[in-house]
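structure.cif (mmCIF, C-alpha atoms) appears below.
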data_start
#
loop_
_atom_site.label_atom_id
_atom_site.label_comp_id
_atom_site.auth_asym_id
_atom_site.auth_seq_id
_atom_site.Cartn_x
_atom_site.Cartn_y
_atom_site.Cartn_z
CA MET P 1 81.90 131.48 109.31
CA LEU P 2 82.78 132.36 112.91
CA THR P 3 79.43 131.03 114.15
CA SER P 4 80.04 127.78 112.27
CA CYS P 5 83.49 127.43 113.85
CA LEU P 6 82.10 128.12 117.34
CA VAL P 7 79.42 125.46 116.88
CA GLN P 8 82.10 122.98 115.78
CA ILE P 9 84.27 123.87 118.78
CA GLN P 10 81.36 123.32 121.16
CA GLN P 11 80.46 120.08 119.39
CA PHE P 12 84.02 118.78 119.74
CA SER P 13 84.63 119.80 123.34
CA ARG P 14 83.85 116.15 124.11
CA PRO P 15 85.35 113.03 122.48
CA VAL P 16 84.16 112.46 118.92
CA ASP P 17 84.25 109.26 116.89
CA ARG P 18 86.05 109.31 113.55
CA ALA P 19 82.85 108.85 111.51
CA THR P 20 81.40 112.05 113.01
CA PHE P 21 84.71 113.82 112.37
CA LYS P 22 84.74 112.80 108.70
CA ASN P 23 81.17 114.09 108.26
CA VAL P 24 81.99 117.52 109.72
CA PHE P 25 85.51 118.18 108.38
CA LEU P 26 86.47 117.71 104.76
CA THR P 27 89.33 115.32 104.10
CA HIS P 28 92.04 116.48 101.72
CA VAL P 29 93.48 113.05 100.97
CA PRO P 30 93.31 112.35 97.22
CA PRO P 31 91.55 109.06 96.34
CA ASP P 32 94.74 107.43 95.01
CA TYR P 33 96.99 108.72 97.82
CA ARG P 34 99.79 106.44 99.02
CA CYS P 35 100.71 107.74 102.45
CA PRO P 36 104.51 107.87 102.75
CA PHE P 37 104.43 107.76 106.55
CA CYS P 38 102.13 104.71 106.64
CA LEU P 39 104.40 103.00 104.10
CA LEU P 40 107.48 103.85 106.20
CA ALA P 41 105.77 102.58 109.37
CA SER P 42 105.08 99.32 107.50
CA GLY P 43 108.75 99.01 106.51
CA ILE P 44 108.09 99.72 102.83
CA GLU P 45 110.68 101.67 100.86
CA ASN P 46 109.64 102.69 97.35
CA GLU P 47 109.16 105.73 95.09
CA TYR P 48 106.37 107.07 97.34
CA VAL P 49 108.60 107.20 100.43
CA TRP P 50 111.49 109.67 100.61
CA SER P 51 112.53 108.44 104.05
CA ARG P 52 114.12 105.07 104.80
CA THR P 53 113.68 102.69 107.71
CA SER P 54 117.25 103.56 108.71
CA ASP P 55 116.00 107.12 109.38
CA ILE P 56 113.75 105.89 112.21
CA ILE P 57 115.19 106.95 115.57
CA TYR P 58 112.33 105.85 117.82
CA ARG P 59 109.23 103.70 117.51
CA ASP P 60 106.73 102.12 119.84
CA ALA P 61 103.21 100.78 119.21
CA GLY P 62 101.69 104.24 118.84
CA VAL P 63 104.31 106.80 117.79
CA MET P 64 107.42 107.06 115.66
CA ALA P 65 110.17 109.63 115.02
CA PHE P 66 112.57 109.77 112.09
CA ILE P 67 115.11 112.06 110.48
CA ALA P 68 113.25 113.97 107.77
CA ALA P 69 114.36 113.42 104.19
CA GLY P 70 113.59 117.06 103.38
CA GLN P 71 115.98 119.38 105.19
CA TRP P 72 116.49 123.13 105.48
CA PRO P 73 120.06 124.36 104.88
CA THR P 74 120.76 125.92 108.29
CA THR P 75 118.93 123.41 110.55
CA PRO P 76 120.15 119.97 109.42
CA GLY P 77 119.00 116.87 111.25
CA HIS P 78 115.39 117.95 111.75
CA VAL P 79 112.98 115.21 112.80
CA LEU P 80 109.36 114.29 112.08
CA VAL P 81 107.22 112.82 114.87
CA VAL P 82 104.17 110.87 113.64
CA PRO P 83 101.52 108.45 114.86
CA VAL P 84 102.12 104.92 113.55
CA LYS P 85 98.43 104.63 112.60
CA HIS P 86 97.08 106.99 109.94
CA PHE P 87 95.38 110.17 111.13
CA GLU P 88 95.10 112.97 108.59
CA ASN P 89 95.60 115.95 110.86
CA LEU P 90 95.19 117.44 114.33
CA TYR P 91 91.40 117.41 114.08
CA ASP P 92 91.41 113.64 113.51
CA LEU P 93 93.86 112.76 116.30
CA PRO P 94 92.67 111.02 119.50
CA ASP P 95 93.61 112.91 122.67
CA GLU P 96 95.55 109.98 124.17
CA LEU P 97 97.70 109.70 121.05
CA GLY P 98 98.21 113.47 121.05
CA ALA P 99 99.71 113.20 124.53
CA ALA P 100 102.09 110.44 123.41
CA LEU P 101 103.12 112.47 120.34
CA PHE P 102 103.79 115.56 122.44
CA SER P 103 105.84 113.52 124.91
CA LEU P 104 107.99 112.11 122.08
CA THR P 105 108.31 115.58 120.52
CA ARG P 106 109.68 116.85 123.84
CA ARG P 107 112.11 113.92 124.09
CA VAL P 108 113.35 114.55 120.52
CA ALA P 109 113.92 118.24 121.33
CA LEU P 110 115.92 117.33 124.45
CA ALA P 111 117.93 114.75 122.49
CA MET P 112 118.73 117.38 119.84
CA LYS P 113 120.00 119.78 122.49
CA ALA P 114 122.27 117.06 123.89
CA ALA P 115 123.46 115.60 120.57
CA TYR P 116 123.66 118.63 118.29
CA GLY P 117 124.52 121.33 120.82
CA CYS P 118 121.86 123.56 119.30
CA GLU P 119 120.88 126.80 121.06
CA GLY P 120 117.18 125.93 120.99
CA THR P 121 114.49 124.00 119.15
CA SER P 122 111.32 124.83 117.23
CA THR P 123 108.29 122.71 116.43
CA ARG P 124 105.86 123.10 113.53
CA GLN P 125 102.64 121.28 112.72
CA HIS P 126 100.34 122.08 109.78
CA ASN P 127 96.67 121.24 109.10
CA GLU P 128 94.92 121.35 105.73
CA PRO P 129 96.23 123.06 102.58
CA GLY P 130 95.45 126.51 104.00
CA GLY P 131 97.64 125.69 107.00
CA GLY P 132 100.54 124.48 104.86
CA GLN P 133 99.98 120.72 105.21
CA ASP P 134 101.35 118.76 102.24
CA VAL P 135 101.53 115.20 103.60
CA TRP P 136 98.09 113.91 104.63
CA HIS P 137 99.28 112.14 107.82
CA PHE P 138 99.58 114.08 111.08
CA HIS P 139 103.20 115.03 111.76
CA THR P 140 105.17 117.49 113.85
CA HIS P 141 108.49 118.91 112.70
CA VAL P 142 111.18 119.31 115.37
CA PHE P 143 114.00 121.62 114.29
CA PRO P 144 117.36 122.24 115.94
CA ARG P 145 117.82 126.01 116.09
CA TRP P 146 120.70 128.47 116.27
CA SER P 147 120.60 132.26 116.51
CA GLY P 148 120.40 133.77 113.04
CA ASP P 149 119.60 130.47 111.28
CA ARG P 150 116.72 132.13 109.33
CA LEU P 151 114.75 128.86 109.26
CA TYR P 152 111.46 130.49 108.27
CA ASP P 153 113.11 132.51 105.50
CA LEU P 154 114.67 129.48 103.82
CA THR P 155 111.71 127.20 103.03
CA ALA P 156 112.36 127.65 99.30
CA GLU P 157 115.85 126.18 99.87
CA ARG P 158 114.54 122.95 101.40
CA HIS P 159 116.30 119.98 99.82
CA GLN P 160 116.50 116.20 99.93
CA MET P 161 119.28 115.05 102.25
CA ASP P 162 121.14 111.93 101.18
CA PRO P 163 120.36 108.83 103.32
CA ALA P 164 124.03 108.53 104.33
CA GLN P 165 123.97 112.10 105.68
CA ARG P 166 120.70 111.42 107.52
CA ALA P 167 122.30 108.36 109.13
CA VAL P 168 124.86 110.60 110.86
CA TYR P 169 122.03 112.47 112.61
CA ALA P 170 120.04 109.29 113.31
CA ASP P 171 123.09 107.71 114.94
CA GLN P 172 123.41 110.71 117.27
CA LEU P 173 119.76 110.81 118.36
CA ARG P 174 118.75 107.14 118.44
CA PRO P 175 120.73 106.15 121.58
CA LEU P 176 119.37 109.14 123.49
CA LEU P 177 115.78 108.21 122.63
CA LEU P 178 116.20 104.53 123.38
CA ALA P 179 117.41 105.37 126.89
CA ALA P 180 114.86 105.78 129.67
CA PRO P 181 112.39 108.60 128.90
CA ALA P 182 113.19 112.01 130.39
CA SER P 183 110.69 112.95 133.08
#
As structure tokens:
Amino acid sequence: MLTSCLVQIQQFSRPVDRATFKNVFLTHVPPDYRCPFCLLASGIENEYVWSRTSDIIYRDAGVMAFIAAGQWPTTPGHVLVVPVKHFENLYDLPDELGAALFSLTRRVALAMKAAYGCEGTSTRQHNEPGGGQDVWHFHTHVFPRWSGDRLYDLTAERHQMDPAQRAVYADQLRPLLLAAPAS
């Protein structure tokens, strides 16, 4: 197994086209999958999309950030940062887009500090079922954090936040993200 991983690492130390990627790494997307993040990026709101277009706090041609519909009890207002175009996971993501996603993730974290007054931030990103991925579109979670918030102990208490409650957080972050990017 380790030898196989090392060969793959060496093979992918240079840019790889998506067809080669799909032949080497197994996709986990079910055949009838309706990607909620692609639907949201297209402005579609239906039973497959928990989030609403009103949750979107930033969008450009390549990346988008929105208040997550699923929230943890002690870190409300957490955000998902996604590519607008569908990429299943980190392995599938072009380097240039990865840089844009990381830049937006940083900007969201800074906006949270300013808007929420949180003591810190955490980011999480999962790949494949073994890594905890459950939406088959690359995404990074950005959480506001406070001492003693027990974020990682409370995953079982994750819940759907009402769109009206999410709007309160979106209204706080959106103006900070639409301003000139932090350098």
Once the PyMOL selection byres ((chain P and resi 106-113) around 10) has been applied to the shown file, what residues remain in the selection, as a PDB file with C-alpha atoms, in the coordinates of the input?
ATOM      1  CA  ILE P  57     115.190 106.950 115.570  1.00  0.00           C
ATOM      2  CA  TYR P  58     112.330 105.850 117.820  1.00  0.00           C
ATOM      3  CA  ALA P  65     110.170 109.630 115.020  1.00  0.00           C
ATOM      4  CA  PHE P  66     112.570 109.770 112.090  1.00  0.00           C
ATOM      5  CA  GLY P  77     119.000 116.870 111.250  1.00  0.00           C
ATOM      6  CA  HIS P  78     115.390 117.950 111.750  1.00  0.00           C
ATOM      7  CA  VAL P  79     112.980 115.210 112.800  1.00  0.00           C
ATOM      8  CA  LEU P  80     109.360 114.290 112.080  1.00  0.00           C
ATOM      9  CA  VAL P  81     107.220 112.820 114.870  1.00  0.00           C
ATOM     10  CA  ALA P 100     102.090 110.440 123.410  1.00  0.00           C
ATOM     11  CA  LEU P 101     103.120 112.470 120.340  1.00  0.00           C
ATOM     12  CA  PHE P 102     103.790 115.560 122.440  1.00  0.00           C
ATOM     13  CA  SER P 103     105.840 113.520 124.910  1.00  0.00           C
ATOM     14  CA  LEU P 104     107.990 112.110 122.080  1.00  0.00           C
ATOM     15  CA  THR P 105     108.310 115.580 120.520  1.00  0.00           C
ATOM     16  CA  ALA P 114     122.270 117.060 123.890  1.00  0.00           C
ATOM     17  CA  ALA P 115     123.460 115.600 120.570  1.00  0.00           C
ATOM     18  CA  TYR P 116     123.660 118.630 118.290  1.00  0.00           C
ATOM     19  CA  GLY P 117     124.520 121.330 120.820  1.00  0.00           C
ATOM     20  CA  CYS P 118     121.860 123.560 119.300  1.00  0.00           C
ATOM     21  CA  GLU P 119     120.880 126.800 121.060  1.00  0.00           C
ATOM     22  CA  GLY P 120     117.180 125.930 120.990  1.00  0.00           C
ATOM     23  CA  THR P 121     114.490 124.000 119.150  1.00  0.00           C
ATOM     24  CA  SER P 122     111.320 124.830 117.230  1.00  0.00           C
ATOM     25  CA  THR P 123     108.290 122.710 116.430  1.00  0.00           C
ATOM     26  CA  VAL P 142     111.180 119.310 115.370  1.00  0.00           C
ATOM     27  CA  PHE P 143     114.000 121.620 114.290  1.00  0.00           C
ATOM     28  CA  PRO P 144     117.360 122.240 115.940  1.00  0.00           C
ATOM     29  CA  ARG P 145     117.820 126.010 116.090  1.00  0.00           C
ATOM     30  CA  TYR P 169     122.030 112.470 112.610  1.00  0.00           C
ATOM     31  CA  GLN P 172     123.410 110.710 117.270  1.00  0.00           C
ATOM     32  CA  LEU P 173     119.760 110.810 118.360  1.00  0.00           C
ATOM     33  CA  ARG P 174     118.750 107.140 118.440  1.00  0.00           C
ATOM     34  CA  PRO P 175     120.730 106.150 121.580  1.00  0.00           C
ATOM     35  CA  LEU P 176     119.370 109.140 123.490  1.00  0.00           C
ATOM     36  CA  LEU P 177     115.780 108.210 122.630  1.00  0.00           C
ATOM     37  CA  PRO P 181     112.390 108.600 128.900  1.00  0.00           C
ATOM     38  CA  ALA P 182     113.190 112.010 130.390  1.00  0.00           C
ATOM     39  CA  SER P 183     110.690 112.950 133.080  1.00  0.00           C
TER      40      SER P 183
END
Legend entry - Surrounding residues of Gln165 in chain P excluding itself and chain neighbours under 2 positions, 12 Å, all atoms listed in the file, as a list in words: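 Counting only the stated atoms, we get Ser54, Asp55, Ile67, Ala68, Ala69, Gly70, Gln71, Pro76, Gly77, Gln160, Met161, Asp162, Pro163, Ala167, Val168, Tyr169, Ala170, Asp171 and Gln172 of chain P.
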Inset, instruction - Calculate how many Å separate CA of Ala156 in chain P from CA of Thr75 in chain P, rounding to one decimal. - result: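 Computing the Euclidean distance for CA of Ala156 in chain P and CA of Thr75 in chain P yields 13.7 Å.
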Legend entry - Separation of CA of Gly43 in chain P from CA of Gly132 in chain P in Å: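 Computing the Euclidean distance for CA of Gly132 in chain P and CA of Gly43 in chain P yields 26.8 Å.
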Inset, instruction - Compile the contact shell of Ala61 in chain P as a PyMOL selection string: residues with an atom at most 10 Å away, counting all atoms listed in the file, same-chain residues fewer than 2 positions apart removed. - result: chain P and resi 59+63-64+83-85
Those residues with C-alpha atoms, as a tab-separated table (two decimals), in the coordinates of the input please?
chain	number	residue	atom	x	y	z
P	59	ARG	CA	109.23	103.70	117.51
P	63	VAL	CA	104.31	106.80	117.79
P	64	MET	CA	107.42	107.06	115.66
P	83	PRO	CA	101.52	108.45	114.86
P	84	VAL	CA	102.12	104.92	113.55
P	85	LYS	CA	98.43	104.63	112.60
Can you report as lines of an AutoDock Vina configuration file the centre and edge lengths in Å, to one decimal, of an axis-aligned box around the listed atoms of range 125-144 of chain P padded with 4 Å on each side?
center_x = 106.1
center_y = 119.3
center_z = 109.1
size_x = 30.4
size_y = 22.4
size_z = 21.7
Inset, instruction - Kindly give the distance, in Å, that separates CA of Ala41 in chain P and CA of Leu97 in chain P, rounded to a single decimal. - result: 15.9 Å
Inset, instruction - Run the PyMOL selection byres ((chain P and resi 124) around 6) on the file and write out the hits as a ChimeraX atom specification. - result: /P:123,125,140-141
Inset, instruction - Spell out the residues picked by the PyMOL selection byres ((chain P and resi 39) around 10) here, as a PyMOL selection string. - result: chain P and resi 34-38+40-46+48-49+51-53+84
